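One structure below.
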2 protein chains.
Amino acid sequence: MTSEPSWDFYRTLLAVLEHGSLSAAARDLGLTQPTVGRHIDALEQSVGAELFTRSQQGLLPTDAALVLKPYAETLASTAAALLRAATGSREKVSGTVRISASEVIGTEVLPPILAGLQAQYPELIVELSASDIVEDLLQREADIAVRMVAPAQEALLARHVGVISLGLFAHESYIERHGKPETIADLRRHKLIGFDRQTAYIRSMVKRYPMLDGISFSFRSDHSIVLHNALRSGIGISFYQIPLAKRDANLQRLLPEVEVTIDTWIVMHENLKTSPRCRVTFDALVTGLLDYAKGNDTPEGQ
Amino acid sequence: MTSEPSWDFYRTLLAVLEHGSLSAAARDLGLTQPTVGRHIDALEQSVGAELFTRSQQGLLPTDAALVLKPYAETLASTAAALLRAATGSREKVSGTVRISASEVIGTEVLPPILAGLQAQYPELIVELSASDIVEDLLQREADIAVRMVAPAQEALLARHVGVISLGLFAHESYIERHGKPETIADLRRHKLIGFDRQTAYIRSMVKRYPMLDGISFSFRSDHSIVLHNALRSGIGISFYQIPLAKRDANLQRLLPEVEVTIDTWIVMHENLKTSPRCRVTFDALVTGLLDYAKGNDTPEGQ
DNA sequence: CTGATGTCATACATTTATGTATAGCATCTA
DNA sequence: TAGATGCTATACATAAATGTATGACATCAG
């Protein structure tokens, strides 16, 4: 460890870890394979440890390299955030703003809101990361996030935009075939659509209706869109956001006494409030989602 | 923004921001002044904004540059953490572990604990950041922290090591001159030693004894060591950690009904538990501070 | 005022890093 | 089996970044 290695080596390291080969990493980085190889060599020498076992069909990361991956990911997301913060003038609403939201919100609710925003500010570039994975490390850190959990960190500008209500729904074609459940216990004899992994949705549901805990799903996916399409195709019964269900007349509410509410926040780091593009995006999301939670939905086509 | 700038430019940017001149930054980085200047030039071109207003007695950062500083600091601390994670073999207890603690704990309590640890593991290098400033951004992020607030983040390995008790103390030379206060209200006619800024100490004290809120200190410093030396020199009355006070026979406890307790945690990121040096340091801190909180103090000389 | 020390900017030489081209080996498909 | 495609490793030429030396200006102490 004679002197600190170049920070660029960390970027190269991350690319190699992500792509699994020097050549692929080189293509991604806009470098060449020998250069990437030299970066890894230099890094290995600096830290005094083997990072990859070389083979002719690619590189296999060692434990040491895997330990470094989360650090390199943090570096990448911070560097990306720095670049976003630096780009775009401080007066105009221009440059890139990156938003993180759940899959459902990101795919169904945000697009119309963001469409209006971009119509107003043509120079604004929006990156939208729609994912239910909590540990969003692979993704570039977002400037603004729509969250279903109360923000814990300090130095965050958070706005509570109300509660989103979920109810049980089924497509009418399913009801024709299987009938309606009359009680919660009755759900056990129905086909239920559910999640693979525990998401914020599930956690709050199980908290509220413990009898749902042991229930077995006959259709599972960890992809929210798949679940919703399964619901719309009449595969079974699923929780669904009530404002969204209004858009589809063929979806029928079941057991109206079952209702789960999810608190929703818009969260932004405090020091971004001086950035015009983050400010206007934040405000647009707040007003748009307040409307959505109230039931004043603005569907896609409008 | 033709292509992403070199991450090394961010390191250079941070150095220039911290030192205030190209030359000083160059000395710090082990580069030369023209190189540092070229890095800044290239970065300005990449982000399309002026970062510094050049003058012959140094560089004045623009608002744009100041916005980027926290990002660059995060990059620096992450890069340092990566390097620490990479260095040192995975079997032996070697390499550097960085610990963050309050000033009092760091200066008075930890050294004997760490001395024992380093005697056991001669190849272990310890970095100790003793500071009461909460936003420890300038510092390199620590591997292990001794905290007085309940850890909020997830993915943290936290161990509660008990409560540290604080009482009011004065040096006997002070008592000879001013006598002892008999009631809490009586404190108002005494000389009190206190803090400039609100620390975890103060907050929990005021919470418990609201009558202390409006009290005026006749001696203030935001440096804990200064305060303790002021106490030992007989300048006035101050809160002091009871286990520490036992070491100095000339310190007398006043108003024994006044006692404030501070919960204490040792906190480490979960993914460091595979690192032997972090593991053994964590364990040593836990046992050492459990002993300390119980009153089984292990003073410096022993 | 004068010299010492600090700063940034520029011109030029050199070192360093990178790209190109190629060889060697594995894997898969026809 | 032959050929295409994937990968890494090496040798060599080139391009790029860095260092050296120097000049111009500002600030402070004597």
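Here's how to read the names in the structure tokens: chain A, B, ... by the order shown, residue numbers from 1 in each chain, ligand numbers from 1 in the order shown.
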Selection near DA11 in chain C, 12 Å with only C-alpha atoms (C1' of nucleotides), sequence-local residues under 4 positions removed, as a list of chain:residue names: B:Pro34, D:DT20, D:DA21, D:DT22, D:DG23
Running DSSP on the backbone, which parts of range 66-101 of chain B land in alpha helix (DSSP H), as a PyMOL selection string? chain B and resi 66-86
Do you know which residues are at most 10 Å from Lys180 in chain B counting only C-alpha atoms (C1' of nucleotides), after dropping those on the same chain fewer than 5 positions away, and could you put them as a PyMOL selection string? chain B and resi 170+172+174-175+186-187+190+237+252-255
Kindly determine which residues of chain A lie within 10 Å of chain B, considering only C-alpha atoms, and give the answer as a VMD selection string. chain A and resid 1 3 to 11 29 to 30 43 to 44 46 to 49 51 63 to 65 67 to 90 152 to 153 271 to 272 274 to 275
For chain A, work out the contacting residues on chain C at 8 Å, counting only C-alpha atoms (C1' of nucleotides), and write them as a VMD selection string. chain C and resid 18 to 19 25 to 26
Selection file, N, CA, C and O atoms (P, O5', C5', C4', C3', O3' and C1' of nucleotides), as a tab-separated table (two decimals), in the first residue's frame:
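Here's the written file result01.tsv:
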```
chain	number	residue	atom	x	y	z
C	18	DT	P	-5.23	4.35	-17.87
C	18	DT	O5'	-5.41	4.21	-19.44
C	18	DT	C5'	-5.62	5.38	-20.23
C	18	DT	C4'	-5.41	5.07	-21.68
C	18	DT	C3'	-6.20	3.87	-22.20
C	18	DT	O3'	-7.27	4.32	-23.02
C	18	DT	C1'	-3.97	3.92	-23.05
C	19	DG	P	-8.24	3.26	-23.69
C	19	DG	O5'	-7.58	2.98	-25.12
C	19	DG	C5'	-7.34	4.07	-25.99
C	19	DG	C4'	-6.67	3.60	-27.27
C	19	DG	C3'	-7.41	2.48	-27.99
C	19	DG	O3'	-7.44	2.75	-29.39
C	19	DG	C1'	-5.19	1.81	-27.53
C	25	DC	P	-2.19	-22.46	-26.20
C	25	DC	O5'	-3.66	-22.47	-25.58
C	25	DC	C5'	-3.87	-21.92	-24.28
C	25	DC	C4'	-5.35	-21.71	-24.05
C	25	DC	C3'	-6.22	-22.96	-24.29
C	25	DC	O3'	-6.83	-23.35	-23.08
C	25	DC	C1'	-7.21	-20.99	-25.21
C	26	DA	P	-7.62	-24.71	-22.99
C	26	DA	O5'	-9.12	-24.18	-23.02
C	26	DA	C5'	-9.67	-23.57	-21.87
C	26	DA	C4'	-11.03	-22.99	-22.20
C	26	DA	C3'	-12.12	-24.02	-22.48
C	26	DA	O3'	-13.14	-23.88	-21.51
C	26	DA	C1'	-12.10	-22.31	-24.16
```
